[in-house]
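Engineer: Here you go, one structure.
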Amino acid sequence: IMKIPTVGGLVHSLTMEAFARTLPHGTINFISGSGRATMPPLMETGKIDGLAFIGGSKAADDLIQKHPQPHRLKAFLQLEAKNPAIFLPNLFESSEEAALDFAIKEAVSGGLSYNGQRCTALKIMFAPKGSNAELVAKRIAEKVESMKVGLPWENPQITPLPNMKRVDYMKRLIQDATSKGAKIINTNGGAIVGGSESTLMIPAVLYPVTPDMDIYKEEQFGPVVPIAEYDSMETVLEYAREGIYGQQASIFTAKGDGSSHLIDRFANVFGKININASCGRSPDSLPFSGRRSSAMGVMSITEALREFSVPTVVSYEEGNVANSVVQSIEKESSFMEALV
């Protein structure tokens, strides 16, 4: 059973056509409508053996708990993330201007592709405290101001959010941050284009963001770019260590020196560590995973099959009688038929 998403569901007409061409009739069924209205009744039947879910951890927990025997439910979850980008101090050496330019470009793309509405988006930027962080904030703001904001058919880089609920959430995060000392440093950041009913928001670059602000820990899933400062790498390591998410991180550096310690520590927190690249899906031939409240299970072509497969072994003791019996069974059994 595949639940069609409430927003953007029409794209799955192509999915349906692909399944219809390749799978026997009735193998997969589709359900549309509100997830809250359609999914709990299915789980409550107890007839669901596996759940593949992309969404929020709270919704996943609620859904799993609806199953009368949740211990037998095989769950594969891709959930929220708060992926950090870390600008290392060596980027700000006078000889590394090209490396810094590239890092700024990647960070903006990673933070605002698809309006930042990706679990794999960069959700917070860390830069060395002082003039270096100010420079990162200024350069990111300039990049954001150059982005085209508009409707999808106008070929923009920033498009409307899906509903007013998302707009209200962005406004709440921005208001909380600015009330505690952060500033919107790009022109018209956070403004709504097109009237009070519009969901087209100009991205807001917030600086400096501090631990007492909601945006420091909450996943925004939208066009808000928070920039925080760090005194030492311990600030960054503490953020990773104490956070509830663990999908990805991006490390931007001009040199290998100083990066290995971060990678060694991050390897126990995040499912993917990106060096001089923004966060994103791996090629499907590589594992895509996460820790903590960001994921349960591993996604790739082979891993996805393993997630929902349970091996069954047919065993026998070798001997003349057993061998002949098994050979006879193999001729009639679809399960024991050789695949190659």
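We name chains A, B, ... following the order of the structure tokens; residues begin at 1 in each chain, and ligands are numbered from 1 as shown.
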At a cut-off of 10 Å, using only C-alpha atoms, what residues contact Phe102 in chain A? Leave out same-chain residues fewer than 3 positions from it and give the result as an NGL selection string.

Structural biologist: :A and (97-99 or 105-107 or 252 or 276-277)

Engineer: Could you pull out all residues of range 83-133 of chain A with a DSSP call of strand (DSSP E or B) and give them as a PyMOL selection string?

Structural biologist: chain A and resi 83-87+122-128

Engineer: From the list A:Lys129, A:His261, A:Lys138, A:Arg292, which residue is nearest Leu77 in chain A when using only C-alpha atoms?

Structural biologist: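 Of all the options, A:Arg292 lies closest to Leu77 in chain A.
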
Engineer: Considering only alpha helix (DSSP H) as DSSP defines it on the backbone, what residues of range 115-316 of chain A qualify? List them as a ChimeraX atom specification.

Structural biologist: /A:131-145,164-179,214-217,233-242,259-266,301-307

Engineer: Go ahead and save the residues from that selection, with C-alpha atoms, as a PDB file, in the first residue's frame.

Structural biologist:
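Result file follows (selection.pdb):
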```
ATOM      1  CA  SER A 131      35.117  39.167  11.800  1.00  0.00           C
ATOM      2  CA  ASN A 132      35.218  35.790  10.047  1.00  0.00           C
ATOM      3  CA  ALA A 133      31.644  34.954  11.039  1.00  0.00           C
ATOM      4  CA  GLU A 134      30.590  38.485  10.051  1.00  0.00           C
ATOM      5  CA  LEU A 135      32.192  37.928   6.655  1.00  0.00           C
ATOM      6  CA  VAL A 136      30.387  34.600   6.154  1.00  0.00           C
ATOM      7  CA  ALA A 137      27.072  36.196   7.122  1.00  0.00           C
ATOM      8  CA  LYS A 138      27.648  39.151   4.768  1.00  0.00           C
ATOM      9  CA  ARG A 139      28.648  36.939   1.828  1.00  0.00           C
ATOM     10  CA  ILE A 140      25.736  34.556   2.335  1.00  0.00           C
ATOM     11  CA  ALA A 141      23.323  37.501   2.551  1.00  0.00           C
ATOM     12  CA  GLU A 142      24.674  38.879  -0.736  1.00  0.00           C
ATOM     13  CA  LYS A 143      24.197  35.513  -2.441  1.00  0.00           C
ATOM     14  CA  VAL A 144      20.643  35.238  -1.129  1.00  0.00           C
ATOM     15  CA  GLU A 145      19.786  38.764  -2.295  1.00  0.00           C
ATOM     16  CA  MET A 164       0.233  29.084   5.428  1.00  0.00           C
ATOM     17  CA  LYS A 165       1.146  26.782   8.295  1.00  0.00           C
ATOM     18  CA  ARG A 166       4.735  26.688   7.029  1.00  0.00           C
ATOM     19  CA  VAL A 167       4.771  30.479   6.591  1.00  0.00           C
ATOM     20  CA  ASP A 168       3.562  30.962  10.170  1.00  0.00           C
ATOM     21  CA  TYR A 169       6.267  28.607  11.450  1.00  0.00           C
ATOM     22  CA  MET A 170       9.002  30.504   9.579  1.00  0.00           C
ATOM     23  CA  LYS A 171       7.678  33.778  11.017  1.00  0.00           C
ATOM     24  CA  ARG A 172       7.692  32.333  14.541  1.00  0.00           C
ATOM     25  CA  LEU A 173      11.308  31.180  14.252  1.00  0.00           C
ATOM     26  CA  ILE A 174      12.373  34.536  12.832  1.00  0.00           C
ATOM     27  CA  GLN A 175      10.498  36.513  15.493  1.00  0.00           C
ATOM     28  CA  ASP A 176      11.962  34.398  18.290  1.00  0.00           C
ATOM     29  CA  ALA A 177      15.503  34.836  16.980  1.00  0.00           C
ATOM     30  CA  THR A 178      15.225  38.585  16.412  1.00  0.00           C
ATOM     31  CA  SER A 179      13.673  39.087  19.861  1.00  0.00           C
ATOM     32  CA  ASP A 214      14.535  28.085  18.746  1.00  0.00           C
ATOM     33  CA  ILE A 215      16.144  28.125  15.289  1.00  0.00           C
ATOM     34  CA  TYR A 216      19.426  26.912  16.846  1.00  0.00           C
ATOM     35  CA  LYS A 217      17.957  23.452  17.502  1.00  0.00           C
ATOM     36  CA  MET A 233      35.767  23.357  17.838  1.00  0.00           C
ATOM     37  CA  GLU A 234      34.333  22.209  21.154  1.00  0.00           C
ATOM     38  CA  THR A 235      31.257  24.386  20.434  1.00  0.00           C
ATOM     39  CA  VAL A 236      30.678  22.498  17.191  1.00  0.00           C
ATOM     40  CA  LEU A 237      31.362  19.113  18.755  1.00  0.00           C
ATOM     41  CA  GLU A 238      28.983  19.861  21.619  1.00  0.00           C
ATOM     42  CA  TYR A 239      26.283  20.851  19.115  1.00  0.00           C
ATOM     43  CA  ALA A 240      26.664  17.502  17.378  1.00  0.00           C
ATOM     44  CA  ARG A 241      26.973  15.533  20.604  1.00  0.00           C
ATOM     45  CA  GLU A 242      24.003  17.086  22.408  1.00  0.00           C
ATOM     46  CA  SER A 259      39.519  18.098   9.684  1.00  0.00           C
ATOM     47  CA  SER A 260      40.355  14.559  10.767  1.00  0.00           C
ATOM     48  CA  HIS A 261      39.420  15.179  14.407  1.00  0.00           C
ATOM     49  CA  LEU A 262      35.984  16.422  13.350  1.00  0.00           C
ATOM     50  CA  ILE A 263      35.417  13.478  11.049  1.00  0.00           C
ATOM     51  CA  ASP A 264      36.444  10.974  13.719  1.00  0.00           C
ATOM     52  CA  ARG A 265      33.994  12.497  16.197  1.00  0.00           C
ATOM     53  CA  PHE A 266      31.220  13.048  13.673  1.00  0.00           C
ATOM     54  CA  ILE A 301      19.287  -0.144  -3.837  1.00  0.00           C
ATOM     55  CA  THR A 302      20.473  -3.218  -1.947  1.00  0.00           C
ATOM     56  CA  GLU A 303      19.844  -2.011   1.622  1.00  0.00           C
ATOM     57  CA  ALA A 304      16.215  -1.134   0.857  1.00  0.00           C
ATOM     58  CA  LEU A 305      15.616  -4.744  -0.171  1.00  0.00           C
ATOM     59  CA  ARG A 306      17.293  -6.016   2.995  1.00  0.00           C
ATOM     60  CA  GLU A 307      15.235  -3.699   5.213  1.00  0.00           C
TER      61      GLU A 307
END
```

Engineer: Could you tell me how far CA of Gly181 in chain A lies from CA of Pro211 in chain A, in Å and to one decimal?

Structural biologist: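 Taking CA of Gly181 in chain A as the start and CA of Pro211 in chain A as the end point, the length is 11.4 Å.
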
Engineer: Fewer than 3 positions away in the same chain doesn't count, so skip those; otherwise give me all residues within 12 Å of range 26-29 of chain A, counting only C-alpha atoms, as a VMD selection string.

Structural biologist: chain A and resid 1 to 4 15 to 23 32

Engineer: Would you kindly return, as number ranges by chain, each protein, DNA or RNA residue with an atom no farther than 12 Å from any atom of Gly8 in chain A, considering only C-alpha atoms and excluding same-chain residues fewer than 3 positions away?

Structural biologist: A: 4-5, 11-13, 32-33, 162

Engineer: Could you check which of A:Pro41, A:Gly190, A:Pro223, A:Pro128 is closest to Ser109 in chain A, using only C-alpha atoms?

Structural biologist: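 Counting only C-alpha atoms, the residue closest to Ser109 in chain A is A:Pro223.
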
Engineer: Pick out the residues sitting within 10 Å of Phe53 in chain A, and hand them over as a PyMOL selection string; count only C-alpha atoms, and ignore anything fewer than 3 positions along from it in its own chain.

Structural biologist: chain A and resi 3+50+56-57+59-60+63+75-79+295-296

Engineer: Using only C-alpha atoms, can you tell me which of A:Gly297, A:Pro208, A:Pro40, A:Pro203 comes closest to Gln247 in chain A?

Structural biologist: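 With only C-alpha atoms as the atom set, the closest residue is A:Gly297.
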
Engineer: How close does each residue of range 163-268 of chain A get to range 279-288 of chain A, giving the shortest atom pair and distance in Å to one decimal for every residue with an atom at most 7 Å away, counting only C-alpha atoms, sorted by chain and residue number, as CSV?

Structural biologist:
```
residue,atom,partner,partner_atom,distance
A:Gln248,CA,A:Cys279,CA,6.4
A:Ala249,CA,A:Cys279,CA,6.7
A:Ser250,CA,A:Cys279,CA,6.2
```

Engineer: Which one of A:Lys148, A:Lys58, A:His67, A:His25 sits closest to Met39 in chain A if you count only C-alpha atoms?

Structural biologist: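 Between A:Lys148, A:Lys58, A:His67, A:His25, the residue approaching Met39 in chain A most closely is A:His67.
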
Engineer: What does the structure give for the distance between CA of Ser293 in chain A and CA of Lys66 in chain A, in Å to one decimal?

Structural biologist: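 The value is 19.1 Å.
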
Engineer: For Val225 in chain A, which residue among A:Ser328, A:Ser113, A:Ser334, A:Ser315 is the nearest when counting only C-alpha atoms?

Structural biologist: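 Closest to Val225 in chain A, using only C-alpha atoms: A:Ser113.
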
Engineer: Using only C-alpha atoms, which residue out of A:Gly35, A:Met125, A:Asn323, A:Ala81 lies closest to Gly243 in chain A?

Structural biologist: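 Looking at the shortest contact to Gly243 in chain A, the residue is A:Ala81.
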
Engineer: Applying 9 Å and only C-alpha atoms, which residues near Ala191 in chain A remain after dropping the ones on its own chain fewer than 5 positions away? List them as number ranges by chain.

Structural biologist: A: 200-204

Engineer: Limited to C-alpha atoms, could you put the picked residues into a file as a PDB file, in the first residue's frame?

Structural biologist:
```
ATOM      1  CA  LEU A 200       5.999  33.194  -1.254  1.00  0.00           C
ATOM      2  CA  MET A 201       8.648  34.176   1.280  1.00  0.00           C
ATOM      3  CA  ILE A 202      11.961  35.898   0.662  1.00  0.00           C
ATOM      4  CA  PRO A 203      14.630  33.876   2.521  1.00  0.00           C
ATOM      5  CA  ALA A 204      15.813  35.320   5.821  1.00  0.00           C
TER       6      ALA A 204
END
```
